[in-house]
file work.txt (compact mmCIF, C-alpha atoms)
# COMPACT_ATOMS: atom_id res chain seq x y z
CA MET A 1 133.82 -45.53 224.78
CA ILE A 2 132.55 -48.89 223.59
CA THR A 3 131.73 -48.50 219.90
CA HIS A 4 130.47 -52.00 219.09
CA ILE A 5 130.14 -55.45 220.59
CA GLN A 6 130.57 -58.64 218.60
CA GLY A 7 130.07 -62.10 219.96
CA LYS A 8 127.68 -64.99 220.44
CA LEU A 9 124.01 -64.14 220.88
CA SER A 10 122.98 -65.83 224.12
CA GLU A 11 119.64 -64.12 224.83
CA LYS A 12 117.19 -62.22 222.61
CA ASN A 13 114.16 -60.23 223.80
CA PRO A 14 112.21 -57.37 222.17
CA THR A 15 113.75 -54.93 224.68
CA HIS A 16 117.28 -56.29 225.11
CA VAL A 17 119.84 -58.84 223.99
CA VAL A 18 122.76 -60.48 225.75
CA ILE A 19 125.94 -60.98 223.75
CA ASP A 20 128.62 -63.33 225.08
CA CYS A 21 132.12 -62.00 224.34
CA ASN A 22 134.76 -64.51 225.46
CA GLY A 23 132.79 -65.54 228.54
CA VAL A 24 131.52 -62.08 229.51
CA GLY A 25 127.83 -61.40 228.84
CA TYR A 26 126.91 -57.83 227.82
CA MET A 27 123.27 -56.79 228.10
CA LEU A 28 122.31 -54.22 225.47
CA ASN A 29 118.98 -52.38 225.43
CA ILE A 30 117.58 -52.38 221.90
CA SER A 31 114.69 -50.88 219.93
CA LEU A 32 112.05 -52.97 218.17
CA HIS A 33 113.66 -51.87 214.89
CA THR A 34 116.96 -53.50 215.90
CA TYR A 35 115.08 -56.53 217.24
CA SER A 36 113.47 -57.04 213.83
CA GLN A 37 116.88 -56.77 212.11
CA ILE A 38 118.50 -59.46 214.30
CA SER A 39 118.16 -62.97 212.98
CA ASP A 40 118.70 -65.89 215.30
CA LYS A 41 122.25 -66.36 214.05
CA GLU A 42 125.00 -67.39 216.44
CA GLN A 43 127.36 -64.45 215.87
CA LEU A 44 126.09 -60.90 216.26
CA LYS A 45 127.61 -57.44 215.98
CA LEU A 46 125.77 -54.42 217.35
CA PHE A 47 126.90 -50.81 217.37
CA THR A 48 126.64 -49.36 220.85
CA HIS A 49 126.08 -46.23 222.86
CA LEU A 50 127.19 -46.22 226.49
CA GLN A 51 125.19 -43.97 228.78
CA VAL A 52 126.94 -43.17 232.05
CA LYS A 53 124.91 -41.88 235.00
CA GLU A 54 125.96 -41.57 238.61
CA ASP A 55 123.96 -44.70 239.54
CA SER A 56 124.30 -46.82 236.36
CA HIS A 57 126.14 -47.58 233.15
CA THR A 58 123.71 -48.61 230.40
CA LEU A 59 124.56 -50.00 226.97
CA TYR A 60 122.25 -49.47 224.00
CA GLY A 61 122.66 -51.62 220.89
CA PHE A 62 121.83 -50.76 217.28
CA SER A 63 121.78 -52.85 214.12
CA SER A 64 123.20 -49.98 212.03
CA LEU A 65 125.35 -46.88 212.40
CA ALA A 66 122.46 -44.80 211.01
CA GLU A 67 120.16 -45.88 213.83
CA ARG A 68 122.82 -45.09 216.45
CA GLU A 69 123.37 -41.64 214.90
CA ILE A 70 119.63 -40.84 215.04
CA PHE A 71 119.53 -42.06 218.67
CA ARG A 72 122.41 -39.77 219.59
CA LEU A 73 120.76 -36.81 217.86
CA LEU A 74 117.48 -37.50 219.65
CA ILE A 75 119.01 -37.68 223.13
CA SER A 76 120.77 -34.36 222.48
CA VAL A 77 117.34 -32.68 222.55
CA SER A 78 116.26 -31.28 225.93
CA GLY A 79 113.47 -33.45 227.34
CA ILE A 80 114.32 -36.53 225.26
CA GLY A 81 115.99 -39.23 227.30
CA ALA A 82 117.33 -42.59 226.21
CA SER A 83 114.05 -44.40 226.90
CA ILE A 84 111.98 -41.95 224.82
CA ALA A 85 114.56 -42.08 222.00
CA ARG A 86 114.36 -45.88 222.10
CA THR A 87 110.55 -45.71 221.99
CA MET A 88 110.80 -43.41 218.96
CA LEU A 89 113.09 -45.89 217.19
CA SER A 90 110.70 -48.70 218.12
CA SER A 91 107.72 -46.86 216.62
CA LEU A 92 109.35 -45.57 213.42
CA THR A 93 112.35 -46.57 211.33
CA PRO A 94 115.43 -44.31 211.50
CA LYS A 95 114.67 -43.19 207.93
CA GLN A 96 111.07 -42.22 208.84
CA ILE A 97 112.30 -40.22 211.84
CA ARG A 98 114.99 -38.53 209.75
CA GLU A 99 112.55 -37.59 206.98
CA GLY A 100 109.86 -36.56 209.48
CA ILE A 101 112.27 -34.13 211.14
CA ALA A 102 113.64 -32.88 207.79
CA THR A 103 110.13 -32.09 206.50
CA GLY A 104 108.91 -30.69 209.83
CA ASP A 105 106.19 -33.35 210.13
CA VAL A 106 104.96 -32.63 213.68
CA VAL A 107 102.02 -35.05 213.31
CA LEU A 108 104.35 -37.98 212.50
CA ILE A 109 106.67 -37.27 215.44
CA GLN A 110 103.70 -36.67 217.74
CA SER A 111 102.17 -40.04 216.73
CA ILE A 112 104.85 -41.73 218.86
CA LYS A 113 103.63 -42.76 222.32
CA GLY A 114 104.87 -40.33 224.98
CA ILE A 115 105.59 -37.47 222.56
CA GLY A 116 103.35 -34.44 222.88
CA ALA A 117 102.97 -31.49 220.54
CA LYS A 118 105.55 -29.32 222.32
CA THR A 119 108.14 -32.10 222.45
CA ALA A 120 107.59 -32.94 218.77
CA GLN A 121 108.05 -29.28 217.84
CA ARG A 122 111.20 -29.05 220.00
CA VAL A 123 112.68 -32.16 218.33
CA ILE A 124 112.04 -30.69 214.88
CA LEU A 125 113.28 -27.23 215.86
CA ASP A 126 116.49 -28.56 217.44
CA LEU A 127 117.34 -31.22 214.86
CA LYS A 128 116.02 -30.07 211.47
CA ASP A 129 119.14 -28.10 210.49
CA LYS A 130 121.46 -30.85 211.80
CA ILE A 131 119.58 -33.56 209.88
CA LEU A 132 119.59 -31.53 206.66
CA LYS A 133 123.34 -30.85 207.05
CA ILE A 134 124.51 -34.30 208.24
CA TYR A 135 122.54 -36.27 205.65
CA ASP A 136 123.03 -33.64 202.95
CA ILE A 137 119.30 -33.54 202.30
CA ASP A 138 117.93 -30.80 200.11
CA GLU A 139 114.83 -29.51 201.92
CA VAL A 140 113.01 -28.97 198.62
CA SER A 141 113.61 -32.56 197.46
CA VAL A 142 112.22 -33.98 200.70
CA SER A 143 109.06 -31.91 200.73
CA GLY A 144 108.79 -31.50 196.95
CA GLY A 145 106.51 -34.51 196.53
CA ASN A 146 103.85 -32.89 198.71
CA THR A 147 103.80 -29.45 197.05
CA ASN A 148 100.68 -30.20 195.00
CA LYS A 149 98.97 -31.67 198.04
CA ASP A 150 99.86 -28.64 200.20
CA GLU A 151 98.67 -26.17 197.57
CA ALA A 152 95.39 -28.06 197.13
CA LEU A 153 94.83 -28.15 200.91
CA SER A 154 95.43 -24.43 201.32
CA ALA A 155 93.07 -23.72 198.39
CA LEU A 156 90.36 -25.88 199.98
CA GLU A 157 90.83 -24.06 203.30
CA VAL A 158 90.42 -20.72 201.53
CA LEU A 159 87.18 -22.08 200.06
CA GLY A 160 85.96 -22.65 203.63
CA PHE A 161 86.45 -26.38 204.16
CA LEU A 162 87.74 -27.70 207.49
CA LYS A 163 91.42 -28.62 207.36
CA LYS A 164 91.03 -32.13 208.86
CA GLN A 165 88.13 -33.02 206.58
CA ALA A 166 89.96 -31.71 203.51
CA GLU A 167 93.15 -33.57 204.49
CA ARG A 168 91.32 -36.90 204.71
CA VAL A 169 89.79 -36.47 201.26
CA VAL A 170 93.04 -35.24 199.67
CA ASP A 171 95.01 -38.12 201.24
CA LYS A 172 92.60 -40.62 199.63
CA ILE A 173 93.04 -38.87 196.27
CA MET A 174 96.86 -38.92 196.63
CA VAL A 175 96.79 -42.70 197.25
CA THR A 176 94.86 -43.39 194.04
CA GLN A 177 96.52 -40.62 191.97
CA PRO A 178 99.98 -39.85 193.42
CA ASP A 179 101.02 -37.78 190.37
CA ALA A 180 97.86 -35.65 190.23
CA ASP A 181 98.33 -31.91 189.66
CA VAL A 182 96.85 -29.26 191.97
CA GLU A 183 93.82 -28.61 189.78
CA THR A 184 92.91 -32.32 189.58
CA ILE A 185 93.28 -32.75 193.34
CA ILE A 186 91.00 -29.77 194.03
CA LYS A 187 88.35 -30.93 191.51
CA GLN A 188 88.33 -34.46 192.94
CA ALA A 189 88.20 -33.14 196.50
CA LEU A 190 85.27 -30.83 195.72
CA LYS A 191 83.30 -33.83 194.46
CA ASN A 192 83.93 -35.71 197.71
CA LEU A 193 83.46 -32.88 200.22
call {"tool": "encode", "arguments": {"input": "work.txt", "output": "structure tokens"}}
result
Amino acid sequence: MITHIQGKLSEKNPTHVVIDCNGVGYMLNISLHTYSQISDKEQLKLFTHLQVKEDSHTLYGFSSLAEREIFRLLISVSGIGASIARTMLSSLTPKQIREGIATGDVVLIQSIKGIGAKTAQRVILDLKDKILKIYDIDEVSVSGGNTNKDEALSALEVLGFLKKQAERVVDKIMVTQPDADVETIIKQALKNL
């Protein structure tokens, strides 16, 4: 297995780079996240994942070990291939994907082009426990910041307001008053609904 490639950057595109290692040029498919991390410096080191199929060998390059780890977790999910995983890493940062999965944020994962509701749910279902274990994330600490928001939303739903409408109003309140308690959020929302 090729774990990384280090050499002279000879070609740089948003979808791939070519690294010259002692006269041999290696083409590595990259995400937009990795592309943004690569400066135009002469020497470059990318961590790699080699995908072997019966008709091709394809190298994927990553600017960090964390991004490669997320890529490998994503392609382990049924229905997620290398191209979809690369699209996911181009749309969101590895940290956003990791936190989205850890908190069960279906809307965030579904916001990626090519990911439907069922696929987003499958990604979260398959990877949530692994993400929490590998990154030693406490589920409460990840979702703890949204507890007041969630309680306020459920209270507004009980009062008969539409979920989407209530979410928009509560999101605006959370931007201006991120530390607001449940009661304040509900009072402010009632004024704006």
call {"tool": "residues_around", "arguments": {"input": "work.txt", "residues": "Ser10 (chain A)", "least_positions_apart": "6", "cutoff": "12 Å", "atoms": "all atoms listed in the file", "output": "ChimeraX atom specification"}}
result
/A:16-28,40-44
call {"tool": "residues_around", "arguments": {"input": "work.txt", "residues": "Ile186 (chain A)", "least_positions_apart": "6", "cutoff": "8 Å", "atoms": "all atoms listed in the file", "output": "list in words"}}
result
Ala152, Ala155 and Leu156 of chain A
call {"tool": "residues_around", "arguments": {"input": "work.txt", "residues": "Ile2 (chain A)", "least_positions_apart": "2", "cutoff": "10 Å", "atoms": "all atoms listed in the file", "output": "number ranges by chain"}}
result
A: 4-5, 47-50, 59
call {"tool": "closest_atom_pairs", "arguments": {"input": "work.txt", "of": "region 43-99 of chain A", "to": "region 107-120 of chain A", "cutoff": "12 Å", "atoms": "all atoms listed in the file", "output": "JSON lines"}}
result
{"residue": "A:Leu74", "atom": "CA", "partner": "A:Ala120", "partner_atom": "CA", "distance": 10.9}
{"residue": "A:Val77", "atom": "CA", "partner": "A:Thr119", "partner_atom": "CA", "distance": 9.2}
{"residue": "A:Ser78", "atom": "CA", "partner": "A:Thr119", "partner_atom": "CA", "distance": 8.9}
{"residue": "A:Gly79", "atom": "CA", "partner": "A:Thr119", "partner_atom": "CA", "distance": 7.4}
{"residue": "A:Ile80", "atom": "CA", "partner": "A:Thr119", "partner_atom": "CA", "distance": 8.1}
{"residue": "A:Gly81", "atom": "CA", "partner": "A:Gly114", "partner_atom": "CA", "distance": 11.4}
{"residue": "A:Ser83", "atom": "CA", "partner": "A:Gly114", "partner_atom": "CA", "distance": 10.2}
{"residue": "A:Ile84", "atom": "CA", "partner": "A:Gly114", "partner_atom": "CA", "distance": 7.3}
{"residue": "A:Ala85", "atom": "CA", "partner": "A:Ile115", "partner_atom": "CA", "distance": 10.1}
{"residue": "A:Arg86", "atom": "CA", "partner": "A:Ile112", "partner_atom": "CA", "distance": 10.9}
{"residue": "A:Thr87", "atom": "CA", "partner": "A:Lys113", "partner_atom": "CA", "distance": 7.5}
{"residue": "A:Met88", "atom": "CA", "partner": "A:Ile112", "partner_atom": "CA", "distance": 6.2}
{"residue": "A:Leu89", "atom": "CA", "partner": "A:Ile112", "partner_atom": "CA", "distance": 9.4}
{"residue": "A:Ser90", "atom": "CA", "partner": "A:Ile112", "partner_atom": "CA", "distance": 9.1}
{"residue": "A:Ser91", "atom": "CA", "partner": "A:Ile112", "partner_atom": "CA", "distance": 6.3}
{"residue": "A:Leu92", "atom": "CA", "partner": "A:Ile112", "partner_atom": "CA", "distance": 8.0}
{"residue": "A:Thr93", "atom": "CA", "partner": "A:Ile109", "partner_atom": "CA", "distance": 11.6}
{"residue": "A:Pro94", "atom": "CA", "partner": "A:Ile109", "partner_atom": "CA", "distance": 11.9}
{"residue": "A:Gln96", "atom": "CA", "partner": "A:Leu108", "partner_atom": "CA", "distance": 8.7}
{"residue": "A:Ile97", "atom": "CA", "partner": "A:Ile109", "partner_atom": "CA", "distance": 7.3}
{"residue": "A:Arg98", "atom": "CA", "partner": "A:Ile109", "partner_atom": "CA", "distance": 10.2}
{"residue": "A:Glu99", "atom": "CA", "partner": "A:Leu108", "partner_atom": "CA", "distance": 9.9}
call {"tool": "closest_residue", "arguments": {"input": "work.txt", "among": "A:His57, A:Lys149, A:Lys163, A:Lys12", "to": "Tyr35 (chain A)", "atoms": "all atoms listed in the file"}}
result
A:Lys12
call {"tool": "residues_around", "arguments": {"input": "work.txt", "residues": "Ile134 (chain A)", "least_positions_apart": "6", "cutoff": "12 Å", "atoms": "all atoms listed in the file", "output": "VMD selection string"}}
result
chain A and resid 66 69 to 70 73 98 102 127 to 128
call {"tool": "residues_near_point", "arguments": {"input": "work.txt", "point": "(112.6, -31.8, 215.0)", "cutoff": "8 Å", "atoms": "all atoms listed in the file", "output": "PyMOL selection string"}}
result
chain A and resi 100-102+104+106+120-128
call {"tool": "decode", "arguments": {"input": "work.txt", "residues": "region 78-99 of chain A", "atoms": "N, CA and C atoms", "output": "PDB file, in the first residue's frame"}}
result
ATOM      1  N   SER A  78     -21.982   1.294   2.459  1.00  0.00           N
ATOM      2  CA  SER A  78     -22.593   0.760   1.252  1.00  0.00           C
ATOM      3  C   SER A  78     -23.263   1.894   0.474  1.00  0.00           C
ATOM      4  N   GLY A  79     -22.957   1.996  -0.805  1.00  0.00           N
ATOM      5  CA  GLY A  79     -23.554   3.034  -1.643  1.00  0.00           C
ATOM      6  C   GLY A  79     -22.715   4.285  -1.766  1.00  0.00           C
ATOM      7  N   ILE A  80     -21.630   4.383  -0.989  1.00  0.00           N
ATOM      8  CA  ILE A  80     -20.730   5.535  -1.083  1.00  0.00           C
ATOM      9  C   ILE A  80     -19.436   5.065  -1.737  1.00  0.00           C
ATOM     10  N   GLY A  81     -19.216   5.537  -2.946  1.00  0.00           N
ATOM     11  CA  GLY A  81     -17.984   5.214  -3.652  1.00  0.00           C
ATOM     12  C   GLY A  81     -16.963   6.316  -3.460  1.00  0.00           C
ATOM     13  N   ALA A  82     -15.810   6.125  -4.083  1.00  0.00           N
ATOM     14  CA  ALA A  82     -14.723   7.098  -3.939  1.00  0.00           C
ATOM     15  C   ALA A  82     -15.110   8.468  -4.486  1.00  0.00           C
ATOM     16  N   SER A  83     -15.853   8.505  -5.596  1.00  0.00           N
ATOM     17  CA  SER A  83     -16.202   9.806  -6.179  1.00  0.00           C
ATOM     18  C   SER A  83     -17.189  10.567  -5.294  1.00  0.00           C
ATOM     19  N   ILE A  84     -18.142   9.865  -4.686  1.00  0.00           N
ATOM     20  CA  ILE A  84     -19.089  10.541  -3.786  1.00  0.00           C
ATOM     21  C   ILE A  84     -18.364  11.004  -2.520  1.00  0.00           C
ATOM     22  N   ALA A  85     -17.465  10.170  -1.992  1.00  0.00           N
ATOM     23  CA  ALA A  85     -16.697  10.553  -0.806  1.00  0.00           C
ATOM     24  C   ALA A  85     -15.851  11.791  -1.101  1.00  0.00           C
ATOM     25  N   ARG A  86     -15.284  11.840  -2.304  1.00  0.00           N
ATOM     26  CA  ARG A  86     -14.476  13.002  -2.694  1.00  0.00           C
ATOM     27  C   ARG A  86     -15.353  14.245  -2.830  1.00  0.00           C
ATOM     28  N   THR A  87     -16.569  14.080  -3.364  1.00  0.00           N
ATOM     29  CA  THR A  87     -17.515  15.193  -3.459  1.00  0.00           C
ATOM     30  C   THR A  87     -17.884  15.697  -2.063  1.00  0.00           C
ATOM     31  N   MET A  88     -18.085  14.756  -1.125  1.00  0.00           N
ATOM     32  CA  MET A  88     -18.409  15.141   0.247  1.00  0.00           C
ATOM     33  C   MET A  88     -17.282  15.973   0.858  1.00  0.00           C
ATOM     34  N   LEU A  89     -16.039  15.547   0.624  1.00  0.00           N
ATOM     35  CA  LEU A  89     -14.885  16.262   1.171  1.00  0.00           C
ATOM     36  C   LEU A  89     -14.619  17.569   0.425  1.00  0.00           C
ATOM     37  N   SER A  90     -15.193  17.704  -0.768  1.00  0.00           N
ATOM     38  CA  SER A  90     -15.078  18.961  -1.506  1.00  0.00           C
ATOM     39  C   SER A  90     -16.125  19.958  -1.029  1.00  0.00           C
ATOM     40  N   SER A  91     -17.261  19.443  -0.556  1.00  0.00           N
ATOM     41  CA  SER A  91     -18.356  20.311  -0.114  1.00  0.00           C
ATOM     42  C   SER A  91     -18.198  20.770   1.333  1.00  0.00           C
ATOM     43  N   LEU A  92     -17.697  19.884   2.190  1.00  0.00           N
ATOM     44  CA  LEU A  92     -17.544  20.181   3.615  1.00  0.00           C
ATOM     45  C   LEU A  92     -16.126  19.840   4.053  1.00  0.00           C
ATOM     46  N   THR A  93     -15.676  20.459   5.132  1.00  0.00           N
ATOM     47  CA  THR A  93     -14.361  20.112   5.670  1.00  0.00           C
ATOM     48  C   THR A  93     -14.475  18.771   6.397  1.00  0.00           C
ATOM     49  N   PRO A  94     -13.362  18.064   6.581  1.00  0.00           N
ATOM     50  CA  PRO A  94     -13.418  16.807   7.330  1.00  0.00           C
ATOM     51  C   PRO A  94     -14.032  16.986   8.717  1.00  0.00           C
ATOM     52  N   LYS A  95     -13.743  18.112   9.372  1.00  0.00           N
ATOM     53  CA  LYS A  95     -14.295  18.365  10.705  1.00  0.00           C
ATOM     54  C   LYS A  95     -15.812  18.521  10.650  1.00  0.00           C
ATOM     55  N   GLN A  96     -16.328  19.231   9.630  1.00  0.00           N
ATOM     56  CA  GLN A  96     -17.781  19.405   9.487  1.00  0.00           C
ATOM     57  C   GLN A  96     -18.468  18.057   9.253  1.00  0.00           C
ATOM     58  N   ILE A  97     -17.861  17.215   8.426  1.00  0.00           N
ATOM     59  CA  ILE A  97     -18.435  15.892   8.157  1.00  0.00           C
ATOM     60  C   ILE A  97     -18.436  15.067   9.442  1.00  0.00           C
ATOM     61  N   ARG A  98     -17.308  15.079  10.139  1.00  0.00           N
ATOM     62  CA  ARG A  98     -17.176  14.323  11.381  1.00  0.00           C
ATOM     63  C   ARG A  98     -18.226  14.763  12.402  1.00  0.00           C
ATOM     64  N   GLU A  99     -18.363  16.069  12.601  1.00  0.00           N
ATOM     65  CA  GLU A  99     -19.331  16.575  13.574  1.00  0.00           C
ATOM     66  C   GLU A  99     -20.769  16.346  13.113  1.00  0.00           C
TER      67      GLU A  99
END
